[in-house]
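Engineer: Okay, so here is structure-v3.pdb, and as you'll see once you scroll down, it has PDB, C-alpha atoms and all ligand atoms.
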```pdb
ATOM      1  CA  MET A   1     -36.560  -6.617 -31.114
ATOM      2  CA  ASN A   2     -39.802  -7.487 -29.363
ATOM      3  CA  LYS A   3     -39.167 -10.689 -27.345
ATOM      4  CA  THR A   4     -41.874 -12.681 -29.087
ATOM      5  CA  ALA A   5     -41.016 -11.525 -32.611
ATOM      6  CA  ARG A   6     -38.987 -13.778 -34.838
ATOM      7  CA  PRO A   7     -35.508 -12.506 -35.669
ATOM      8  CA  ALA A   8     -35.212 -10.670 -38.969
ATOM      9  CA  VAL A   9     -32.467 -11.614 -41.402
ATOM     10  CA  LEU A  10     -31.180 -10.304 -44.696
ATOM     11  CA  VAL A  11     -30.089 -12.692 -47.434
ATOM     12  CA  ALA A  12     -27.904 -10.419 -49.497
ATOM     13  CA  ARG A  13     -27.713 -12.410 -52.727
ATOM     14  CA  ALA A  14     -29.926 -14.924 -54.510
ATOM     15  CA  VAL A  15     -29.549 -18.439 -53.192
ATOM     16  CA  PHE A  16     -31.305 -21.802 -53.576
ATOM     17  CA  PRO A  17     -35.082 -21.237 -53.049
ATOM     18  CA  GLU A  18     -35.185 -24.257 -50.690
ATOM     19  CA  VAL A  19     -32.660 -22.545 -48.430
ATOM     20  CA  ILE A  20     -34.704 -19.341 -48.391
ATOM     21  CA  GLU A  21     -37.816 -21.381 -47.540
ATOM     22  CA  ARG A  22     -36.009 -23.045 -44.668
ATOM     23  CA  LEU A  23     -34.918 -19.670 -43.327
ATOM     24  CA  ARG A  24     -38.489 -18.359 -43.661
ATOM     25  CA  GLY A  25     -39.527 -21.156 -41.301
ATOM     26  CA  VAL A  26     -37.403 -19.577 -38.579
ATOM     27  CA  PHE A  27     -36.943 -15.901 -39.436
ATOM     28  CA  GLU A  28     -38.527 -12.892 -41.069
ATOM     29  CA  VAL A  29     -36.496 -12.941 -44.265
ATOM     30  CA  GLU A  30     -35.686 -10.159 -46.685
ATOM     31  CA  ALA A  31     -34.131 -11.813 -49.722
ATOM     32  CA  ASN A  32     -32.755 -10.631 -53.044
ATOM     33  CA  PRO A  33     -34.357 -12.951 -55.613
ATOM     34  CA  ASP A  34     -33.262 -10.730 -58.503
ATOM     35  CA  ASP A  35     -29.662 -11.104 -57.338
ATOM     36  CA  ARG A  36     -28.907  -7.429 -57.711
ATOM     37  CA  VAL A  37     -25.512  -6.541 -56.271
ATOM     38  CA  TRP A  38     -26.520  -3.825 -53.822
ATOM     39  CA  SER A  39     -24.356  -0.777 -53.304
ATOM     40  CA  ARG A  40     -22.874  -0.540 -49.849
ATOM     41  CA  ALA A  41     -25.440   2.171 -49.022
ATOM     42  CA  GLU A  42     -28.345  -0.007 -50.132
ATOM     43  CA  PHE A  43     -26.966  -3.032 -48.282
ATOM     44  CA  SER A  44     -26.704  -0.924 -45.149
ATOM     45  CA  THR A  45     -30.235   0.430 -45.557
ATOM     46  CA  ARG A  46     -31.583  -3.098 -45.916
ATOM     47  CA  LEU A  47     -29.673  -4.270 -42.834
ATOM     48  CA  ALA A  48     -31.731  -1.909 -40.677
ATOM     49  CA  GLY A  49     -33.580  -3.937 -38.053
ATOM     50  CA  LYS A  50     -31.909  -7.229 -39.055
ATOM     51  CA  GLN A  51     -30.305  -9.433 -36.436
ATOM     52  CA  GLY A  52     -28.511 -11.583 -38.983
ATOM     53  CA  ALA A  53     -27.279 -11.602 -42.544
ATOM     54  CA  LEU A  54     -26.363 -14.330 -44.966
ATOM     55  CA  ILE A  55     -23.741 -12.767 -47.175
ATOM     56  CA  THR A  56     -21.215 -13.555 -49.879
ATOM     57  CA  GLY A  57     -17.765 -12.234 -50.635
ATOM     58  CA  SER A  58     -19.409  -9.265 -52.387
ATOM     59  CA  GLU A  59     -20.630  -7.761 -49.102
ATOM     60  CA  ARG A  60     -18.114  -6.010 -46.875
ATOM     61  CA  ILE A  61     -18.640  -6.101 -43.129
ATOM     62  CA  ASP A  62     -16.504  -3.587 -41.256
ATOM     63  CA  ALA A  63     -16.542  -1.580 -38.049
ATOM     64  CA  GLU A  64     -18.435   1.318 -39.616
ATOM     65  CA  LEU A  65     -21.227  -0.963 -40.821
ATOM     66  CA  LEU A  66     -21.360  -2.830 -37.518
ATOM     67  CA  ASP A  67     -21.584   0.455 -35.599
ATOM     68  CA  ALA A  68     -24.445   1.563 -37.845
ATOM     69  CA  HIS A  69     -26.297  -1.686 -36.987
ATOM     70  CA  PRO A  70     -25.809  -2.443 -33.296
ATOM     71  CA  GLN A  71     -28.729  -4.915 -33.436
ATOM     72  CA  LEU A  72     -26.734  -7.216 -35.758
ATOM     73  CA  ARG A  73     -25.689 -10.464 -34.060
ATOM     74  CA  ALA A  74     -24.555 -12.760 -36.866
ATOM     75  CA  VAL A  75     -22.973 -12.452 -40.308
ATOM     76  CA  CYS A  76     -22.754 -15.758 -42.131
ATOM     77  CA  ASN A  77     -20.539 -15.858 -45.197
ATOM     78  CA  MET A  78     -21.304 -18.289 -48.007
ATOM     79  CA  ALA A  79     -17.588 -18.667 -48.746
ATOM     80  CA  VAL A  80     -14.574 -20.096 -47.008
ATOM     81  CA  GLY A  81     -12.515 -16.942 -47.543
ATOM     82  CA  TYR A  82     -13.562 -14.100 -45.280
ATOM     83  CA  ASN A  83     -11.389 -11.167 -46.272
ATOM     84  CA  ASN A  84     -14.684  -9.283 -46.767
ATOM     85  CA  ILE A  85     -15.316  -9.454 -43.004
ATOM     86  CA  ASP A  86     -13.432  -7.545 -40.321
ATOM     87  CA  VAL A  87     -13.466 -10.437 -37.868
ATOM     88  CA  PRO A  88     -11.835  -8.620 -34.911
ATOM     89  CA  ALA A  89     -14.420  -5.828 -35.305
ATOM     90  CA  CYS A  90     -17.200  -8.441 -35.218
ATOM     91  CA  SER A  91     -15.723 -10.240 -32.203
ATOM     92  CA  ALA A  92     -15.233  -6.971 -30.306
ATOM     93  CA  ARG A  93     -18.952  -6.277 -30.728
ATOM     94  CA  GLY A  94     -20.128  -9.804 -29.937
ATOM     95  CA  VAL A  95     -21.190 -10.415 -33.532
ATOM     96  CA  VAL A  96     -20.768 -14.027 -34.651
ATOM     97  CA  ALA A  97     -19.047 -14.301 -38.026
ATOM     98  CA  THR A  98     -19.055 -17.640 -39.826
ATOM     99  CA  ASN A  99     -17.697 -19.080 -43.073
ATOM    100  CA  THR A 100     -18.092 -22.345 -45.025
ATOM    101  CA  PRO A 101     -14.920 -24.433 -44.726
ATOM    102  CA  ASP A 102     -14.569 -28.135 -45.539
ATOM    103  CA  VAL A 103     -17.683 -28.522 -47.693
ATOM    104  CA  LEU A 104     -15.908 -26.978 -50.680
ATOM    105  CA  THR A 105     -12.394 -28.349 -50.213
ATOM    106  CA  GLU A 106     -12.424 -31.207 -52.724
ATOM    107  CA  THR A 107     -14.509 -29.384 -55.321
ATOM    108  CA  THR A 108     -12.225 -26.369 -55.189
ATOM    109  CA  ALA A 109      -9.145 -28.575 -55.386
ATOM    110  CA  ASP A 110     -10.601 -30.334 -58.458
ATOM    111  CA  PHE A 111     -11.010 -26.977 -60.113
ATOM    112  CA  GLY A 112      -7.584 -25.705 -59.118
ATOM    113  CA  PHE A 113      -6.029 -28.811 -60.591
ATOM    114  CA  ALA A 114      -8.120 -28.547 -63.749
ATOM    115  CA  LEU A 115      -7.173 -24.893 -64.185
ATOM    116  CA  MET A 116      -3.515 -25.742 -63.719
ATOM    117  CA  MET A 117      -3.793 -28.480 -66.341
ATOM    118  CA  ALA A 118      -5.724 -26.289 -68.768
ATOM    119  CA  THR A 119      -3.021 -23.660 -68.349
ATOM    120  CA  ALA A 120      -0.073 -26.032 -68.804
ATOM    121  CA  ARG A 121      -1.682 -27.771 -71.798
ATOM    122  CA  ARG A 122      -2.959 -24.555 -73.429
ATOM    123  CA  MET A 123      -6.553 -25.744 -73.625
ATOM    124  CA  ALA A 124      -8.285 -22.370 -73.773
ATOM    125  CA  GLU A 125      -5.867 -20.923 -76.298
ATOM    126  CA  SER A 126      -6.097 -23.960 -78.586
ATOM    127  CA  GLU A 127      -9.877 -24.055 -78.318
ATOM    128  CA  ARG A 128     -10.116 -20.409 -79.370
ATOM    129  CA  PHE A 129      -7.848 -21.203 -82.337
ATOM    130  CA  LEU A 130     -10.078 -24.106 -83.349
ATOM    131  CA  ARG A 131     -13.274 -22.063 -83.007
ATOM    132  CA  ARG A 132     -11.770 -19.329 -85.185
ATOM    133  CA  GLY A 133     -11.438 -21.931 -87.933
ATOM    134  CA  GLU A 134      -7.660 -21.682 -87.998
ATOM    135  CA  TRP A 135      -6.948 -25.418 -87.634
ATOM    136  CA  THR A 136      -5.897 -26.561 -91.090
ATOM    137  CA  LYS A 137      -3.155 -29.118 -90.406
ATOM    138  CA  TRP A 138      -1.311 -31.114 -87.717
ATOM    139  CA  SER A 139       2.054 -29.706 -86.719
ATOM    140  CA  TYR A 140       4.678 -31.182 -84.430
ATOM    141  CA  ASP A 141       4.824 -28.053 -82.297
ATOM    142  CA  MET A 142       1.201 -26.963 -82.398
ATOM    143  CA  PHE A 143       0.183 -25.853 -78.893
ATOM    144  CA  THR A 144       2.946 -27.759 -77.198
ATOM    145  CA  GLY A 145       2.748 -27.118 -73.483
ATOM    146  CA  SER A 146       4.407 -28.573 -70.424
ATOM    147  CA  ASP A 147       3.825 -31.831 -68.590
ATOM    148  CA  ILE A 148       2.008 -32.119 -65.309
ATOM    149  CA  HIS A 149       3.021 -35.685 -64.497
ATOM    150  CA  GLY A 150       6.441 -35.893 -62.935
ATOM    151  CA  ALA A 151       6.764 -32.094 -62.731
ATOM    152  CA  THR A 152       7.302 -30.104 -59.544
ATOM    153  CA  LEU A 153       4.106 -28.769 -58.039
ATOM    154  CA  GLY A 154       4.523 -25.704 -55.859
ATOM    155  CA  VAL A 155       1.792 -24.779 -53.416
ATOM    156  CA  LEU A 156       1.767 -21.404 -51.687
ATOM    157  CA  GLY A 157      -0.634 -21.656 -48.737
ATOM    158  CA  MET A 158      -0.947 -25.231 -47.507
ATOM    159  CA  GLY A 159      -4.343 -25.280 -45.809
ATOM    160  CA  ARG A 160      -7.156 -27.718 -46.501
ATOM    161  CA  ILE A 161      -7.474 -26.843 -50.201
ATOM    162  CA  GLY A 162      -3.718 -26.701 -50.738
ATOM    163  CA  GLN A 163      -3.371 -30.168 -49.260
ATOM    164  CA  ALA A 164      -6.209 -31.502 -51.419
ATOM    165  CA  ILE A 165      -4.465 -30.155 -54.536
ATOM    166  CA  ALA A 166      -1.186 -31.640 -53.324
ATOM    167  CA  ARG A 167      -2.823 -35.075 -52.913
ATOM    168  CA  ARG A 168      -4.080 -34.928 -56.493
ATOM    169  CA  GLY A 169      -0.667 -33.950 -57.808
ATOM    170  CA  VAL A 170       1.358 -36.449 -55.821
ATOM    171  CA  HIS A 171      -0.934 -39.477 -55.804
ATOM    172  CA  GLY A 172      -2.651 -38.956 -59.153
ATOM    173  CA  PHE A 173       0.120 -37.492 -61.280
ATOM    174  CA  GLY A 174       3.395 -38.471 -59.622
ATOM    175  CA  MET A 175       4.352 -34.835 -59.081
ATOM    176  CA  LYS A 176       7.101 -33.741 -56.741
ATOM    177  CA  LEU A 177       5.818 -31.336 -54.115
ATOM    178  CA  VAL A 178       7.301 -28.211 -52.602
ATOM    179  CA  TYR A 179       5.273 -25.837 -50.489
ATOM    180  CA  HIS A 180       5.502 -22.702 -48.456
ATOM    181  CA  ASN A 181       3.221 -21.889 -45.578
ATOM    182  CA  ARG A 182       3.567 -19.995 -42.309
ATOM    183  CA  SER A 183       3.228 -23.253 -40.401
ATOM    184  CA  ARG A 184       4.648 -26.546 -41.562
ATOM    185  CA  LEU A 185       2.508 -29.606 -42.101
ATOM    186  CA  ALA A 186       2.662 -32.330 -39.469
ATOM    187  CA  PRO A 187       5.634 -34.617 -40.219
ATOM    188  CA  GLU A 188       3.352 -37.567 -41.047
ATOM    189  CA  ILE A 189       1.413 -35.494 -43.620
ATOM    190  CA  GLU A 190       4.677 -34.222 -45.123
ATOM    191  CA  ALA A 191       5.921 -37.803 -45.319
ATOM    192  CA  ALA A 192       2.699 -39.116 -46.898
ATOM    193  CA  LEU A 193       2.914 -36.448 -49.600
ATOM    194  CA  GLY A 194       6.687 -36.465 -49.946
ATOM    195  CA  ALA A 195       6.255 -32.736 -49.352
ATOM    196  CA  ARG A 196       9.211 -30.442 -48.888
ATOM    197  CA  TRP A 197       8.697 -27.178 -46.992
ATOM    198  CA  VAL A 198      10.786 -24.457 -48.587
ATOM    199  CA  GLY A 199      11.206 -20.720 -48.213
ATOM    200  CA  LYS A 200       9.231 -18.550 -50.613
ATOM    201  CA  ALA A 201      12.309 -17.808 -52.758
ATOM    202  CA  GLU A 202      12.988 -21.503 -53.284
ATOM    203  CA  LEU A 203       9.322 -22.191 -53.968
ATOM    204  CA  LEU A 204       9.366 -19.644 -56.793
ATOM    205  CA  GLU A 205      12.553 -21.057 -58.275
ATOM    206  CA  ALA A 206      11.689 -24.741 -57.969
ATOM    207  CA  SER A 207       8.045 -24.854 -59.098
ATOM    208  CA  ASP A 208       7.106 -25.998 -62.577
ATOM    209  CA  HIS A 209       3.479 -25.278 -61.690
ATOM    210  CA  LEU A 210       2.810 -22.895 -58.840
ATOM    211  CA  VAL A 211      -0.670 -22.829 -57.328
ATOM    212  CA  LEU A 212      -1.805 -20.091 -54.941
ATOM    213  CA  VAL A 213      -4.190 -21.166 -52.214
ATOM    214  CA  LEU A 214      -3.495 -18.716 -49.412
ATOM    215  CA  PRO A 215      -5.941 -16.371 -47.714
ATOM    216  CA  TYR A 216      -5.968 -12.725 -48.742
ATOM    217  CA  SER A 217      -4.882 -10.175 -46.156
ATOM    218  CA  ALA A 218      -2.750  -7.045 -45.997
ATOM    219  CA  GLU A 219       0.184  -9.426 -45.559
ATOM    220  CA  SER A 220      -0.530 -11.437 -48.719
ATOM    221  CA  HIS A 221      -1.389  -8.409 -50.893
ATOM    222  CA  HIS A 222       0.741  -8.703 -54.057
ATOM    223  CA  ALA A 223       2.572 -11.717 -52.645
ATOM    224  CA  ILE A 224       3.244 -12.409 -56.315
ATOM    225  CA  GLY A 225       4.486  -9.272 -58.053
ATOM    226  CA  ALA A 226       7.135  -8.419 -60.633
ATOM    227  CA  ALA A 227      10.058  -9.599 -58.481
ATOM    228  CA  GLU A 228       8.427 -12.941 -57.674
ATOM    229  CA  LEU A 229       7.453 -13.533 -61.303
ATOM    230  CA  ALA A 230      11.022 -12.775 -62.348
ATOM    231  CA  ALA A 231      12.241 -15.449 -59.932
ATOM    232  CA  MET A 232      10.073 -18.155 -61.549
ATOM    233  CA  LYS A 233      11.196 -20.427 -64.377
ATOM    234  CA  PRO A 234      10.331 -19.073 -67.853
ATOM    235  CA  SER A 235       8.633 -22.438 -68.466
ATOM    236  CA  ALA A 236       6.524 -22.261 -65.276
ATOM    237  CA  THR A 237       2.794 -21.747 -64.910
ATOM    238  CA  LEU A 238       1.005 -19.812 -62.180
ATOM    239  CA  THR A 239      -2.519 -20.671 -61.045
ATOM    240  CA  ASN A 240      -4.501 -18.418 -58.698
ATOM    241  CA  ILE A 241      -7.686 -19.799 -57.173
ATOM    242  CA  ALA A 242      -7.243 -17.904 -53.912
ATOM    243  CA  ARG A 243      -8.165 -14.222 -54.137
ATOM    244  CA  GLY A 244      -7.599 -11.309 -56.418
ATOM    245  CA  GLY A 245      -5.006  -8.982 -54.937
ATOM    246  CA  ILE A 246      -2.617 -11.792 -54.004
ATOM    247  CA  VAL A 247      -1.210 -11.399 -57.513
ATOM    248  CA  ASP A 248      -0.283  -8.024 -58.956
ATOM    249  CA  ASP A 249      -2.326  -8.519 -62.123
ATOM    250  CA  ALA A 250      -0.586  -5.686 -64.024
ATOM    251  CA  ALA A 251       2.828  -7.217 -63.299
ATOM    252  CA  LEU A 252       1.494 -10.642 -64.276
ATOM    253  CA  ALA A 253       0.135  -9.356 -67.590
ATOM    254  CA  GLN A 254       3.513  -7.874 -68.379
ATOM    255  CA  ALA A 255       5.353 -11.077 -67.407
ATOM    256  CA  LEU A 256       3.010 -13.124 -69.617
ATOM    257  CA  ARG A 257       3.397 -10.720 -72.519
ATOM    258  CA  GLU A 258       7.173 -10.935 -72.257
ATOM    259  CA  HIS A 259       7.067 -14.727 -71.751
ATOM    260  CA  ARG A 260       8.900 -14.401 -68.456
ATOM    261  CA  ILE A 261       6.614 -17.231 -67.319
ATOM    262  CA  ALA A 262       4.848 -19.553 -69.744
ATOM    263  CA  ALA A 263       1.231 -19.154 -68.761
ATOM    264  CA  ALA A 264      -1.249 -18.404 -65.991
ATOM    265  CA  GLY A 265      -4.652 -19.690 -64.925
ATOM    266  CA  LEU A 266      -6.730 -17.182 -63.020
ATOM    267  CA  ASP A 267     -10.072 -17.732 -61.330
ATOM    268  CA  VAL A 268      -9.816 -14.567 -59.219
ATOM    269  CA  PHE A 269      -8.840 -11.001 -60.059
ATOM    270  CA  GLU A 270      -7.959  -7.712 -58.461
ATOM    271  CA  GLY A 271     -11.171  -5.659 -58.356
ATOM    272  CA  GLU A 272     -13.312  -8.479 -59.800
ATOM    273  CA  PRO A 273     -15.690  -8.758 -61.526
ATOM    274  CA  ALA A 274     -13.744  -6.064 -63.356
ATOM    275  CA  LEU A 275     -10.385  -7.255 -64.536
ATOM    276  CA  ASN A 276      -7.215  -5.774 -65.864
ATOM    277  CA  PRO A 277      -7.972  -5.418 -69.617
ATOM    278  CA  ALA A 278      -4.370  -6.344 -70.447
ATOM    279  CA  LEU A 279      -5.164  -9.919 -69.411
ATOM    280  CA  LEU A 280      -7.933 -10.203 -72.004
ATOM    281  CA  ASP A 281      -5.554  -9.673 -74.897
ATOM    282  CA  LEU A 282      -3.048 -12.320 -73.856
ATOM    283  CA  PRO A 283      -3.189 -15.801 -75.379
ATOM    284  CA  ASN A 284      -1.271 -17.500 -72.569
ATOM    285  CA  VAL A 285      -3.748 -16.996 -69.750
ATOM    286  CA  VAL A 286      -6.839 -19.039 -68.903
ATOM    287  CA  LEU A 287      -9.513 -16.850 -67.313
ATOM    288  CA  THR A 288     -12.521 -18.121 -65.343
ATOM    289  CA  PRO A 289     -15.078 -16.079 -63.369
ATOM    290  CA  HIS A 290     -14.420 -17.137 -59.749
ATOM    291  CA  ILE A 291     -16.079 -20.543 -60.058
ATOM    292  CA  ALA A 292     -13.705 -22.880 -58.234
ATOM    293  CA  SER A 293     -16.400 -24.025 -55.776
ATOM    294  CA  ALA A 294     -19.170 -23.999 -58.377
ATOM    295  CA  THR A 295     -20.690 -27.442 -58.551
ATOM    296  CA  VAL A 296     -24.387 -27.760 -57.785
ATOM    297  CA  ALA A 297     -23.759 -30.072 -54.839
ATOM    298  CA  THR A 298     -21.039 -27.927 -53.305
ATOM    299  CA  ARG A 299     -22.839 -24.618 -53.724
ATOM    300  CA  ARG A 300     -25.859 -26.228 -52.071
ATOM    301  CA  ALA A 301     -23.684 -27.536 -49.216
ATOM    302  CA  MET A 302     -22.213 -24.045 -48.777
ATOM    303  CA  ALA A 303     -25.673 -22.452 -48.694
ATOM    304  CA  ASP A 304     -26.921 -25.070 -46.226
ATOM    305  CA  LEU A 305     -23.922 -24.536 -43.960
ATOM    306  CA  ALA A 306     -24.319 -20.751 -44.057
ATOM    307  CA  ALA A 307     -28.003 -21.217 -43.154
ATOM    308  CA  ASP A 308     -27.102 -23.688 -40.353
ATOM    309  CA  ASN A 309     -24.749 -21.074 -38.949
ATOM    310  CA  LEU A 310     -27.366 -18.320 -39.145
ATOM    311  CA  VAL A 311     -30.073 -20.423 -37.496
ATOM    312  CA  ALA A 312     -27.776 -21.597 -34.703
ATOM    313  CA  ALA A 313     -26.353 -18.132 -34.069
ATOM    314  CA  LEU A 314     -29.780 -16.527 -33.683
ATOM    315  CA  THR A 315     -31.642 -19.311 -31.863
ATOM    316  CA  GLY A 316     -29.235 -20.040 -29.014
ATOM    317  CA  GLY A 317     -27.437 -22.906 -30.751
ATOM    318  CA  THR A 318     -23.765 -23.370 -31.530
ATOM    319  CA  PRO A 319     -22.846 -22.284 -35.057
ATOM    320  CA  PRO A 320     -20.966 -25.159 -36.708
ATOM    321  CA  THR A 321     -18.242 -23.065 -38.334
ATOM    322  CA  PRO A 322     -17.526 -19.793 -36.530
ATOM    323  CA  ILE A 323     -14.452 -17.953 -37.778
ATOM    324  CA  ASP A 324     -13.557 -16.848 -34.246
ATOM    325  CA  PRO A 325     -14.835 -19.579 -31.930
ATOM    326  CA  GLY A 326     -13.981 -17.403 -28.905
ATOM    327  CA  VAL A 327     -16.458 -14.623 -29.646
ATOM    328  CA  PRO A 328     -18.638 -13.985 -26.580
ATOM    329  CA  ARG A 329     -22.342 -14.513 -27.330
ATOM    330  CA  ARG A 330     -24.659 -11.541 -26.962
ATOM    331  CA  ALA A 331     -28.142 -11.948 -25.537
TER     332      ALA A 331
HETATM  333  C1  LIG B 401     -14.617 -18.592 -52.621
HETATM  334  O1  LIG B 401     -13.804 -17.904 -53.127
HETATM  335  C2  LIG B 401     -14.642 -18.887 -51.220
HETATM  336  O2  LIG B 401     -13.884 -18.259 -50.457
HETATM  337  O3  LIG B 401     -15.428 -19.735 -50.815
END
```
Take the structure in the file and give it back as structure tokens.
Ligand code: GLV

Structural biologist:
Amino acid sequence: MNKTARPAVLVARAVFPEVIERLRGVFEVEANPDDRVWSRAEFSTRLAGKQGALITGSERIDAELLDAHPQLRAVCNMAVGYNNIDVPACSARGVVATNTPDVLTETTADFGFALMMATARRMAESERFLRRGEWTKWSYDMFTGSDIHGATLGVLGMGRIGQAIARRGVHGFGMKLVYHNRSRLAPEIEAALGARWVGKAELLEASDHLVLVLPYSAESHHAIGAAELAAMKPSATLTNIARGGIVDDAALAQALREHRIAAAGLDVFEGEPALNPALLDLPNVVLTPHIASATVATRRAMADLAADNLVAALTGGTPPTPIDPGVPRRA
């Protein structure tokens, strides 16, 4: 890059026009107003000559891509999850990688709770029944589901979003709380929530409503598969707002078909936006298209934070939310 030239950045997906305008005030910007999902080859071609990129979970950043673009200095994810980014590969090359924590915590927890409730109370299934014109009479057992209040909430992955869901369950709905996480909550947080840390086996057995909020990695791939589903109560629900791939969707479809658990709420899928077709035919699953953080205010806050990170990373500032705060800065 010529010393006087402004840095060039790629904005890989459509985003609020105001955010693009702000970036144009600082950078040469190549944007994607049509919101086409570029192939990896096209994404790589467009990265040529760019010092930074504002990306989403749809763009994969790995060692091969980084080596093809040694001029790249910052990749700023508009998502809290960053399984699409090889962070050690970025850090090893002095590339700053950032995500968008905190700004989406409460919104995502609202959605996770809503999806759990919709699942337990059979809202999607009963709405489809009504729309089909099949509602002709009241019946004592029509769409009977399971209670949320007073039930046992299980949380797998007790980070910021897990804790926000737990607060809703405990303080809003009088739920009992069990959780499993690599590290335990501080004793005062456990006490405030009445939370009980349990091993994964006990979590599966004890939960009336199990919510997954853990990051996706090789370690958490298929953390919920046939064996785990078999260990759950037949009356239990499973809600996944974390990432596709944490649940073995084929095993889940089979468990739902055989009523080995009562129902599932899924906002994320293996291989999304494609999904296992078996899920589409099942009545006892609520399916949403990865929208847990999708309120106008929160998506705007995520875009602003991603832009803050990009501007800081490329103009000598301190990015507010680096994934690896120890990454050495490159000139
Ligand atoms: C959405 O899935 C996110 O990670 O922000």

Engineer: Kindly provide, as a PyMOL selection string, the polymer residues lying within 6 Å of (-40.8, -16.4, -35.4), counting all atoms listed in the file and using the coordinates exactly as they appear in the file.

Structural biologist: chain A and resi 5-6+26-27

Engineer: Using the chain letters and numbers from the file, give me the residues hit by the PyMOL selection byres (((chain A and resi 34) around 12) and not hetatm), as a list in words.

Structural biologist: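 The output of the PyMOL selection byres (((chain A and resi 34) around 12) and not hetatm) on this file is Val11, Ala12, Arg13, Ala14, Val15, Pro17, Ala31, Asn32, Pro33, Asp35, Arg36, Val37 and Trp38 of chain A.
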
Engineer: Residues within 10 Å of ligand LIG 401 (chain B), counting all atoms listed in the file: report them as a PyMOL selection string.

Structural biologist: chain A and resi 56-57+77-84+99-105+108+215-216+241-244+267-268+290-294+299+302

Engineer: Could you please determine the separation between atom CA of Arg73 of chain A and atom CA of Ser217 of chain A in Å, to one decimal place?

Structural biologist: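 Between atom CA of Arg73 of chain A and atom CA of Ser217 of chain A the gap works out to 24.1 Å.
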
Engineer: Can you work out which one of A:Glu106, A:Asp324, A:Asp281, A:Glu202 has the shortest atom-to-atom distance to Ala297 of chain A, counting all atoms listed in the file?

Structural biologist: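 Smallest separation from Ala297 of chain A among the options: A:Glu106.
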
Engineer: Using all atoms listed in the file, I'd like a table of the residues in segment 163-213 of chain A that come within 7 Å of segment 143-158 of chain A; for each, show the closest atom pair and its distance in Å rounded to one decimal, ordered by chain and ascending number, as a Markdown table.

Structural biologist:
```
| residue | atom | partner | partner_atom | distance |
| --- | --- | --- | --- | --- |
| A:Gln163 | CA | A:Met158 | CA | 5.8 |
| A:Phe173 | CA | A:His149 | CA | 4.7 |
| A:Gly174 | CA | A:Gly150 | CA | 5.2 |
| A:Met175 | CA | A:Gly150 | CA | 4.5 |
| A:Lys176 | CA | A:Thr152 | CA | 4.6 |
| A:Leu177 | CA | A:Leu153 | CA | 5.0 |
| A:Val178 | CA | A:Gly154 | CA | 5.0 |
| A:Tyr179 | CA | A:Val155 | CA | 4.7 |
| A:His180 | CA | A:Leu156 | CA | 5.1 |
| A:Asn181 | CA | A:Gly157 | CA | 5.0 |
| A:Leu203 | CA | A:Gly154 | CA | 6.2 |
| A:Ser207 | CA | A:Gly154 | CA | 4.9 |
| A:Asp208 | CA | A:Thr152 | CA | 5.1 |
| A:His209 | CA | A:Leu153 | CA | 5.1 |
| A:Leu210 | CA | A:Gly154 | CA | 4.4 |
| A:Val211 | CA | A:Val155 | CA | 5.0 |
| A:Leu212 | CA | A:Leu156 | CA | 5.0 |
| A:Val213 | CA | A:Gly157 | CA | 5.0 |
```

Engineer: Considering all atoms listed in the file, return as a ChimeraX atom specification whatever protein or nucleic-acid residues lie within 12 Å of Leu266 of chain A, sequence-local ones (same chain, fewer than 3 positions apart) excluded.

Structural biologist: /A:111-116,118-119,210-213,237-249,252-253,263,269-270,272,275-276,279-280,284-292

Engineer: Using C-alpha atoms, can you write the selected residues to a file as a compact mmCIF listing (two decimals), keeping the file's coordinate frame?

Structural biologist:
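Final output, saved to result_35.txt:
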```txt
# COMPACT_ATOMS: atom_id res chain seq x y z
CA PHE A 111 -11.01 -26.98 -60.11
CA GLY A 112 -7.58 -25.70 -59.12
CA PHE A 113 -6.03 -28.81 -60.59
CA ALA A 114 -8.12 -28.55 -63.75
CA LEU A 115 -7.17 -24.89 -64.18
CA MET A 116 -3.52 -25.74 -63.72
CA ALA A 118 -5.72 -26.29 -68.77
CA THR A 119 -3.02 -23.66 -68.35
CA LEU A 210 2.81 -22.90 -58.84
CA VAL A 211 -0.67 -22.83 -57.33
CA LEU A 212 -1.80 -20.09 -54.94
CA VAL A 213 -4.19 -21.17 -52.21
CA THR A 237 2.79 -21.75 -64.91
CA LEU A 238 1.00 -19.81 -62.18
CA THR A 239 -2.52 -20.67 -61.04
CA ASN A 240 -4.50 -18.42 -58.70
CA ILE A 241 -7.69 -19.80 -57.17
CA ALA A 242 -7.24 -17.90 -53.91
CA ARG A 243 -8.16 -14.22 -54.14
CA GLY A 244 -7.60 -11.31 -56.42
CA GLY A 245 -5.01 -8.98 -54.94
CA ILE A 246 -2.62 -11.79 -54.00
CA VAL A 247 -1.21 -11.40 -57.51
CA ASP A 248 -0.28 -8.02 -58.96
CA ASP A 249 -2.33 -8.52 -62.12
CA LEU A 252 1.49 -10.64 -64.28
CA ALA A 253 0.14 -9.36 -67.59
CA ALA A 263 1.23 -19.15 -68.76
CA PHE A 269 -8.84 -11.00 -60.06
CA GLU A 270 -7.96 -7.71 -58.46
CA GLU A 272 -13.31 -8.48 -59.80
CA LEU A 275 -10.38 -7.26 -64.54
CA ASN A 276 -7.22 -5.77 -65.86
CA LEU A 279 -5.16 -9.92 -69.41
CA LEU A 280 -7.93 -10.20 -72.00
CA ASN A 284 -1.27 -17.50 -72.57
CA VAL A 285 -3.75 -17.00 -69.75
CA VAL A 286 -6.84 -19.04 -68.90
CA LEU A 287 -9.51 -16.85 -67.31
CA THR A 288 -12.52 -18.12 -65.34
CA PRO A 289 -15.08 -16.08 -63.37
CA HIS A 290 -14.42 -17.14 -59.75
CA ILE A 291 -16.08 -20.54 -60.06
CA ALA A 292 -13.70 -22.88 -58.23
```
